[in-house]
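Have a look at the structure below, then the notes.
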Amino acid sequence: MAGARGCPQAGTGERALAELLLEFSRAQYRAKDGGGGGAGSSAKVERIEKRCLELFGRDYCYSLIQNVNGEICGHYPRQIVFLEYESTDRERNMFESTVQVSKLQDLINRSKMARCRGRFVCPVILYKGKHVCRSATLAGWGELYGRTGYNYIFSGGSDDAWADTEDLSEEDSAFRNADSQLFDKVRGHDIKLLRYLSVRYICDLMVENKKVKFGLNVTSSEKVDKAQRYADFTLLSIPYPGCEFFKEYKDRDYRAEGLVFNWKQDYVDAPLSIPVSLTRSLNIDWSEYQSWDLVQQTQNYLKLLISLINGDDDSGLLVHCISGWDRTPLFVALLRLSLWADGLIHASLEPAEILYLTVAYDWFLFGHMLVDRLSKGEEIFFFCFNFLKHITSEEFSAVKLQRRKSLLPGFTVEEICMLKQRDRGSTTSLSSDFSLVLESSPGAAGSFTSEAVELMPAGAQTQAAWRKSRTSSPQTVLWSRTPQSEDRPPYQEAKSSSSSSSNHSDTFLRVGSSPLEVPKPRLVPVAGRESRLEEVRSAFLATYSSTIGLKAAPSSPSGALGGLLEQFARGVGLRGSSSTL
């Protein structure tokens with residue numbers, strides 16, 4: 001169905017946002033319960049859902065994927081928006097769908113078992129005809145064969161028993177060897193959905209390779225899929241702290257500067273791994289990621305996502321963490337707000353409206369557990385909107401990236417080496433402390449294996465040993481540094497896929513994959529970008545402090561209401577000259 005146009009000021013002001021935040025802080029959204037509990041709550045949730053559709057309809061024509069009683073996923077919206085193309089008023093009145101919704105819904109139903117809690121790959125942002133998608137990570141043996149797996153099969157997709165997953169018996173363990181075909185089938189449907197959505201880049205925010213609970217691998221991830229089913233996709237491992245880390249953020253008076261995650265914890269085993277070709281234009285020293293504070297890490301990851309979705313190809317992007325309701329909405333929301341601030345998406349929405357849409361759709365309707373997080377002081381939701389002041393500059397603008405690409409055409413690695421040789425008189429040096437080694441071989445590309453490139457000590461003997469012990473891949477790049485005293489996990493730059501997933505042949509065809517021509521988005525100057533984001537942040541802080549900020553006060557360990565409120569006001573910039581983060 002087409003997106004209906006809403007009244008320009010239809011309930012997206014301060015009062016509507018306050019109602020939304022209060023409902024959000026009361027209970028987690030559950031599709032099968034009408035969004036919450038009780039008649040009054042249900043009516044409020046219906047208003048929230050309706051407003052989201054109105055706001056999407058201002059700038060897009062869309063179809064709806066029905067999830068009325070949570071049949072597909074219990075913590076996804078009851079009506080999931082599938083944005084098809086940007087539109088004018090006239091085009092909305094003449095809307096013709098470019099997709100076969102029934103086939104898409106069938107594909108989703110088949111693919112949902114592949115992901116933790118049934119949180120399948122779902123498109124949420126449309127930019128330049130490309131989908132930005134979100135999901136949970138891949139389900140593991142524990143979920144497929146434990147209690148939850150059987151619930152999926154026999155109870156129509158209920159996902160609430162995941163937390164009660166039990167250890168596998170010896171009989172269950174036999175299935176691991178006897179029934180690997182189930183993984184082929186389930187993940188095969190997941191891959192079909194990714195291809196249908198033209199997703200190429202998969203960004204994994206997990207700090208683990210697999211999530212372990214009670215000694216059992218309860219989830220997996222694309223980067224450790226032993227059968228390399230996801231080899232045709234470009235995989236990026238960009239580990240980011242989980243929601244627990246944000247209690248430290250709150251305990252530090254909501255100050256993110258200087259707050260560095262402890263990467264040496266036992267459960268942290270996922271290295272940073274990014275294809276070399278995707279890092280050249282960003283001017284970021286990725287080898288230093290373990291020393292970044294929370295501000296730097298979030299900024300650099302956002303720059304990477306903007307660069308990916310702003311590329312010249314037609315490839316979409318998937319972002320996920322474990323369950324897909326903490327770190328995932330953080331980056332989805334920041335990406336939506338950043339592109340909006342540039343005038344590139346949701347061009348007709350005012351700051352109050354894009355704020356409402358982002359809180360309601362990206363966070364609330366996709367099941368973020370705000371009640372639980374507030375009770376534990378894990379304020380990742382608050383961090384998201386307070387962080388907007390750190391991305392106001394031009395360096396986060398997709399418009400600037402477009403200009404840069406038009407002025408600086410891409411260079412190959414060989415060309416860069418030639419330039420460095422000419423400028424510095426060296427055949428190997430790219431900088432004072434890095435060396436570059438190029439190798440060629442017919443190795444497979446596209447997945448995280450032992451062939452990924454690691455940060456390791458420089459020197460001819462080390463590089464020779466590395467070559468001898470590993471199977472090199474086409475144009476593998478080894479970044480080497482002077483040895484450091486501290487013991488760090490390896491930093492990896494992974495291989496980029498040799499072929500785009502959208503080019504892979506498949507019997508499931510996407511109807512109308514080429515979007516209609518649309519009006520050019522309005523571009524916003526840098527000063528406009530800054531003021532727009534600051535207006536969103538200010539509106540959020542004002543409403544949050546009068547609703548959730550007060551409500552969270554009794555959870556203070558000291559029980560001092562006034563002290564916590566003063567801490568909150570001081571930390572978020574509502575009090576005194578020392579308010580900046």
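FYI, nothing fancy with the structure tokens labels: chains A, B, ... in order, residues from 1 per chain, ligands from 1 as they appear.
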
(message) Could you list, as a ChimeraX atom specification, every residue within 12 Å of A:Leu83, counting only C-alpha atoms and ignoring same-chain residues fewer than 5 positions away?
(response) /A:1-3,53,56-65,97-99,101,122-133,197,345-346,515

(message) When you look at stretch 326-336 of chain A with a cut-off of 6 Å (counting only C-alpha atoms), what residues show up, excluding the ones that are within fewer than 6 positions of it in the same chain? I need them as a list in words.
(response) His320, Asp362, Trp363 and Cys384 of chain A

For C-alpha atoms, I'd like the residues from the last selection saved as a PDB file, in the first residue's frame.
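After the write, selection_12.pdb holds the following:
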```pdb
ATOM      1  CA  HIS A 320      23.578  -6.362  13.243  1.00  0.00           C
ATOM      2  CA  ASP A 362      14.220   2.403  15.100  1.00  0.00           C
ATOM      3  CA  TRP A 363      14.100   1.875  18.867  1.00  0.00           C
ATOM      4  CA  CYS A 384      22.461   7.698  20.849  1.00  0.00           C
TER       5      CYS A 384
END
```

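Inside stretch 243-384 of chain A, the residues DSSP reads as strand (DSSP E) when given the backbone are A:Gly316, A:Leu317, A:Leu318, A:Val319, A:His320.
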
Just write the chosen residues, C-alpha atoms, as a PDB file, in the first residue's frame.
```pdb
ATOM      1  CA  GLY A 316      22.786  -2.439   0.237  1.00  0.00           C
ATOM      2  CA  LEU A 317      24.017  -2.770   3.795  1.00  0.00           C
ATOM      3  CA  LEU A 318      23.134  -4.974   6.790  1.00  0.00           C
ATOM      4  CA  VAL A 319      23.999  -3.949  10.354  1.00  0.00           C
ATOM      5  CA  HIS A 320      23.578  -6.362  13.243  1.00  0.00           C
TER       6      HIS A 320
END
```

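Closest to A:Gly549 among A:Ala114, A:Leu22, A:Leu17, A:Leu194 is A:Leu22, based on only C-alpha atoms.
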
(message) When you count only C-alpha atoms, which of these residues is closest to A:Val371: A:Glu86, A:Leu21, A:Asp266, A:Leu259?
(response)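 That would be A:Leu21, the residue with the smallest distance to A:Val371.
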
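Between atom CA of A:Thr392 and atom CA of A:Ala347 lies a distance of 17.4 Å.
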
(message) At a cut-off of 10 Å, using only C-alpha atoms, what residues contact A:Ala256? Leave out same-chain residues fewer than 4 positions from it and give the result as a PyMOL selection string.
(response) chain A and resi 246+248-250+252+260+293-296+383+387+581

(request) For A:Glu378, work out the shell of residues within 6 Å, counting only C-alpha atoms and skipping chain neighbours fewer than 5 positions away, then give it as a ChimeraX atom specification. (result) /A:243-244,246-247,373

(request) Quick one: everything within 8 Å of stretch 239-242 of chain A, counting only C-alpha atoms, minus sequence neighbours fewer than 6 positions away in the same chain. Send it as a VMD selection string. (result) chain A and resid 204 to 208 261 270 to 272 297 326 to 327

Would you save the residues of that selection, restricted to N, CA, C and O atoms, as a PDB file, in the first residue's frame?
```
ATOM      1  N   ASP A 204      29.071  -6.568  11.255  1.00  0.00           N
ATOM      2  CA  ASP A 204      28.830  -7.325  12.482  1.00  0.00           C
ATOM      3  C   ASP A 204      29.460  -6.580  13.659  1.00  0.00           C
ATOM      4  O   ASP A 204      30.675  -6.426  13.733  1.00  0.00           O
ATOM      5  N   LEU A 205      28.620  -6.123  14.608  1.00  0.00           N
ATOM      6  CA  LEU A 205      29.080  -5.333  15.745  1.00  0.00           C
ATOM      7  C   LEU A 205      29.439  -6.176  16.962  1.00  0.00           C
ATOM      8  O   LEU A 205      29.829  -5.631  17.994  1.00  0.00           O
ATOM      9  N   MET A 206      29.318  -7.496  16.861  1.00  0.00           N
ATOM     10  CA  MET A 206      29.604  -8.364  18.004  1.00  0.00           C
ATOM     11  C   MET A 206      31.078  -8.309  18.393  1.00  0.00           C
ATOM     12  O   MET A 206      31.953  -8.262  17.532  1.00  0.00           O
ATOM     13  N   VAL A 207      31.340  -8.356  19.703  1.00  0.00           N
ATOM     14  CA  VAL A 207      32.728  -8.448  20.164  1.00  0.00           C
ATOM     15  C   VAL A 207      33.139  -9.905  20.304  1.00  0.00           C
ATOM     16  O   VAL A 207      34.287 -10.205  20.609  1.00  0.00           O
ATOM     17  N   GLU A 208      32.178 -10.825  20.078  1.00  0.00           N
ATOM     18  CA  GLU A 208      32.455 -12.254  20.110  1.00  0.00           C
ATOM     19  C   GLU A 208      32.302 -12.836  18.707  1.00  0.00           C
ATOM     20  O   GLU A 208      31.563 -12.305  17.879  1.00  0.00           O
ATOM     21  N   PHE A 261      36.784   0.874  26.170  1.00  0.00           N
ATOM     22  CA  PHE A 261      36.362  -0.502  26.442  1.00  0.00           C
ATOM     23  C   PHE A 261      37.572  -1.384  26.728  1.00  0.00           C
ATOM     24  O   PHE A 261      38.651  -1.196  26.152  1.00  0.00           O
ATOM     25  N   ALA A 270      36.516 -11.333  18.868  1.00  0.00           N
ATOM     26  CA  ALA A 270      36.305 -10.902  17.484  1.00  0.00           C
ATOM     27  C   ALA A 270      37.211  -9.723  17.168  1.00  0.00           C
ATOM     28  O   ALA A 270      37.067  -8.650  17.764  1.00  0.00           O
ATOM     29  N   PRO A 271      38.169  -9.867  16.250  1.00  0.00           N
ATOM     30  CA  PRO A 271      39.045  -8.750  15.895  1.00  0.00           C
ATOM     31  C   PRO A 271      38.359  -7.799  14.921  1.00  0.00           C
ATOM     32  O   PRO A 271      37.374  -8.153  14.273  1.00  0.00           O
ATOM     33  N   LEU A 272      38.847  -6.584  14.863  1.00  0.00           N
ATOM     34  CA  LEU A 272      38.393  -5.658  13.831  1.00  0.00           C
ATOM     35  C   LEU A 272      38.879  -6.168  12.488  1.00  0.00           C
ATOM     36  O   LEU A 272      40.057  -6.468  12.319  1.00  0.00           O
ATOM     37  N   GLN A 297      35.374   5.800  18.711  1.00  0.00           N
ATOM     38  CA  GLN A 297      34.950   4.537  18.114  1.00  0.00           C
ATOM     39  C   GLN A 297      33.617   4.691  17.399  1.00  0.00           C
ATOM     40  O   GLN A 297      33.440   4.218  16.272  1.00  0.00           O
ATOM     41  N   ASP A 326      20.086  -3.288  20.588  1.00  0.00           N
ATOM     42  CA  ASP A 326      20.867  -2.311  21.356  1.00  0.00           C
ATOM     43  C   ASP A 326      21.855  -1.569  20.449  1.00  0.00           C
ATOM     44  O   ASP A 326      21.633  -0.422  20.079  1.00  0.00           O
ATOM     45  N   ARG A 327      22.952  -2.233  20.097  1.00  0.00           N
ATOM     46  CA  ARG A 327      23.949  -1.606  19.229  1.00  0.00           C
ATOM     47  C   ARG A 327      23.407  -1.367  17.817  1.00  0.00           C
ATOM     48  O   ARG A 327      23.736  -0.358  17.175  1.00  0.00           O
TER      49      ARG A 327
END
```

(message) What does the structure give for the distance between atom CA of A:Phe24 and atom CA of A:Val45, in Å to one decimal?
(response)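 Separation between atom CA of A:Phe24 and atom CA of A:Val45: 9.4 Å.
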
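The space separating atom CA of A:Asn300 from atom CA of A:Lys264 comes to 20.9 Å.
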
Please return as a compact mmCIF listing (two decimals) with N, CA, C and O atoms, in the first residue's frame: the residues of stretch 212-316 of chain A that backbone DSSP assigns to helix (DSSP H, G or I).
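Writing the result to result-v1.txt gives the following:
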```
# COMPACT_ATOMS: atom_id res chain seq x y z
N GLU A 222 28.09 -14.66 10.61
CA GLU A 222 28.52 -14.95 9.25
C GLU A 222 30.04 -15.15 9.16
O GLU A 222 30.52 -15.95 8.35
N LYS A 223 30.77 -14.45 10.02
CA LYS A 223 32.23 -14.48 9.91
C LYS A 223 32.85 -15.80 10.34
O LYS A 223 34.01 -16.06 10.05
N VAL A 224 32.06 -16.64 11.05
CA VAL A 224 32.58 -17.94 11.48
C VAL A 224 31.75 -19.09 10.93
O VAL A 224 31.81 -20.20 11.44
N CYS A 243 25.53 -3.30 25.53
CA CYS A 243 24.79 -2.34 26.35
C CYS A 243 25.34 -2.24 27.78
O CYS A 243 25.23 -1.19 28.41
N GLU A 244 25.94 -3.32 28.28
CA GLU A 244 26.47 -3.30 29.65
C GLU A 244 27.51 -2.21 29.85
O GLU A 244 27.63 -1.63 30.93
N PHE A 245 28.25 -1.91 28.78
CA PHE A 245 29.32 -0.92 28.85
C PHE A 245 28.76 0.48 29.12
O PHE A 245 29.46 1.34 29.66
N PHE A 246 27.50 0.70 28.77
CA PHE A 246 26.94 2.03 28.88
C PHE A 246 26.51 2.38 30.30
O PHE A 246 26.10 3.51 30.56
N LYS A 247 26.60 1.42 31.22
CA LYS A 247 26.45 1.76 32.63
C LYS A 247 27.63 2.60 33.08
O LYS A 247 27.48 3.53 33.89
N GLU A 248 28.81 2.28 32.56
CA GLU A 248 29.98 3.09 32.86
C GLU A 248 29.82 4.51 32.33
O GLU A 248 30.27 5.48 32.95
N TYR A 249 29.18 4.62 31.18
CA TYR A 249 28.90 5.94 30.60
C TYR A 249 28.03 6.76 31.55
O TYR A 249 28.30 7.93 31.83
N LYS A 250 26.96 6.15 32.06
CA LYS A 250 26.10 6.86 33.01
C LYS A 250 26.84 7.18 34.30
O LYS A 250 26.71 8.28 34.85
N ASP A 251 27.61 6.21 34.80
CA ASP A 251 28.33 6.41 36.06
C ASP A 251 29.37 7.51 35.97
O ASP A 251 29.82 8.05 36.99
N VAL A 276 40.40 -4.03 2.82
CA VAL A 276 41.32 -2.91 2.59
C VAL A 276 40.73 -1.86 1.66
O VAL A 276 40.88 -0.66 1.87
N SER A 277 40.03 -2.32 0.63
CA SER A 277 39.49 -1.39 -0.35
C SER A 277 38.49 -0.40 0.23
O SER A 277 38.24 0.65 -0.34
N LEU A 278 37.93 -0.72 1.40
CA LEU A 278 36.91 0.13 2.01
C LEU A 278 37.49 1.12 3.01
O LEU A 278 36.76 1.93 3.57
N TRP A 286 43.01 2.35 11.61
CA TRP A 286 42.19 1.31 12.23
C TRP A 286 42.97 0.44 13.20
O TRP A 286 42.37 -0.21 14.07
N SER A 287 44.28 0.41 13.07
CA SER A 287 45.08 -0.41 13.99
C SER A 287 45.01 0.09 15.42
O SER A 287 45.37 -0.62 16.36
N GLU A 288 44.55 1.32 15.62
CA GLU A 288 44.49 1.91 16.96
C GLU A 288 43.12 1.75 17.61
O GLU A 288 42.84 2.38 18.63
N TYR A 289 42.26 0.90 17.04
CA TYR A 289 40.86 0.88 17.50
C TYR A 289 40.71 0.52 18.97
O TYR A 289 39.77 0.97 19.63
N GLN A 290 41.63 -0.27 19.52
CA GLN A 290 41.50 -0.65 20.92
C GLN A 290 41.86 0.48 21.89
O GLN A 290 41.58 0.38 23.09
N SER A 291 42.44 1.53 21.37
CA SER A 291 42.78 2.68 22.22
C SER A 291 41.76 3.80 22.08
O SER A 291 41.84 4.80 22.82
N LEU A 294 34.97 5.97 23.58
CA LEU A 294 33.64 5.70 23.03
C LEU A 294 33.25 6.70 21.95
O LEU A 294 32.57 6.34 20.98
N VAL A 295 33.69 7.93 22.09
CA VAL A 295 33.39 8.95 21.07
C VAL A 295 34.09 8.61 19.76
O VAL A 295 33.46 8.57 18.70
N GLN A 296 35.39 8.38 19.82
CA GLN A 296 36.15 8.08 18.61
C GLN A 296 35.65 6.82 17.92
O GLN A 296 35.52 6.77 16.69
N GLN A 297 35.37 5.80 18.71
CA GLN A 297 34.95 4.54 18.11
C GLN A 297 33.62 4.69 17.40
O GLN A 297 33.44 4.22 16.27
N THR A 298 32.67 5.36 18.04
CA THR A 298 31.36 5.56 17.42
C THR A 298 31.47 6.44 16.18
O THR A 298 30.83 6.16 15.16
N GLN A 299 32.26 7.47 16.26
CA GLN A 299 32.46 8.35 15.11
C GLN A 299 33.05 7.59 13.92
O GLN A 299 32.57 7.70 12.78
N ASN A 300 34.10 6.82 14.16
CA ASN A 300 34.78 6.13 13.07
C ASN A 300 33.91 5.04 12.45
O ASN A 300 33.93 4.84 11.23
N TYR A 301 33.14 4.33 13.27
CA TYR A 301 32.25 3.32 12.72
C TYR A 301 31.14 3.97 11.88
O TYR A 301 30.75 3.45 10.84
N LEU A 302 30.64 5.11 12.34
CA LEU A 302 29.61 5.81 11.58
C LEU A 302 30.17 6.30 10.25
O LEU A 302 29.49 6.21 9.21
N LYS A 303 31.39 6.82 10.26
CA LYS A 303 32.03 7.23 9.00
C LYS A 303 32.11 6.06 8.02
O LYS A 303 31.87 6.21 6.82
N LEU A 304 32.45 4.90 8.54
CA LEU A 304 32.55 3.71 7.70
C LEU A 304 31.20 3.36 7.09
O LEU A 304 31.10 3.09 5.89
N LEU A 305 30.14 3.36 7.89
CA LEU A 305 28.80 3.03 7.38
C LEU A 305 28.35 4.03 6.33
O LEU A 305 27.77 3.66 5.31
N ILE A 306 28.61 5.31 6.57
CA ILE A 306 28.23 6.34 5.59
C ILE A 306 28.98 6.13 4.30
O ILE A 306 28.42 6.25 3.20
N SER A 307 30.26 5.80 4.40
CA SER A 307 31.06 5.54 3.20
C SER A 307 30.53 4.35 2.42
O SER A 307 30.47 4.38 1.18
N LEU A 308 30.13 3.30 3.12
CA LEU A 308 29.62 2.09 2.44
C LEU A 308 28.34 2.39 1.69
O LEU A 308 28.20 2.03 0.51
N ILE A 309 27.38 3.01 2.34
CA ILE A 309 26.08 3.24 1.71
C ILE A 309 26.15 4.36 0.68
O ILE A 309 25.28 4.49 -0.18
```
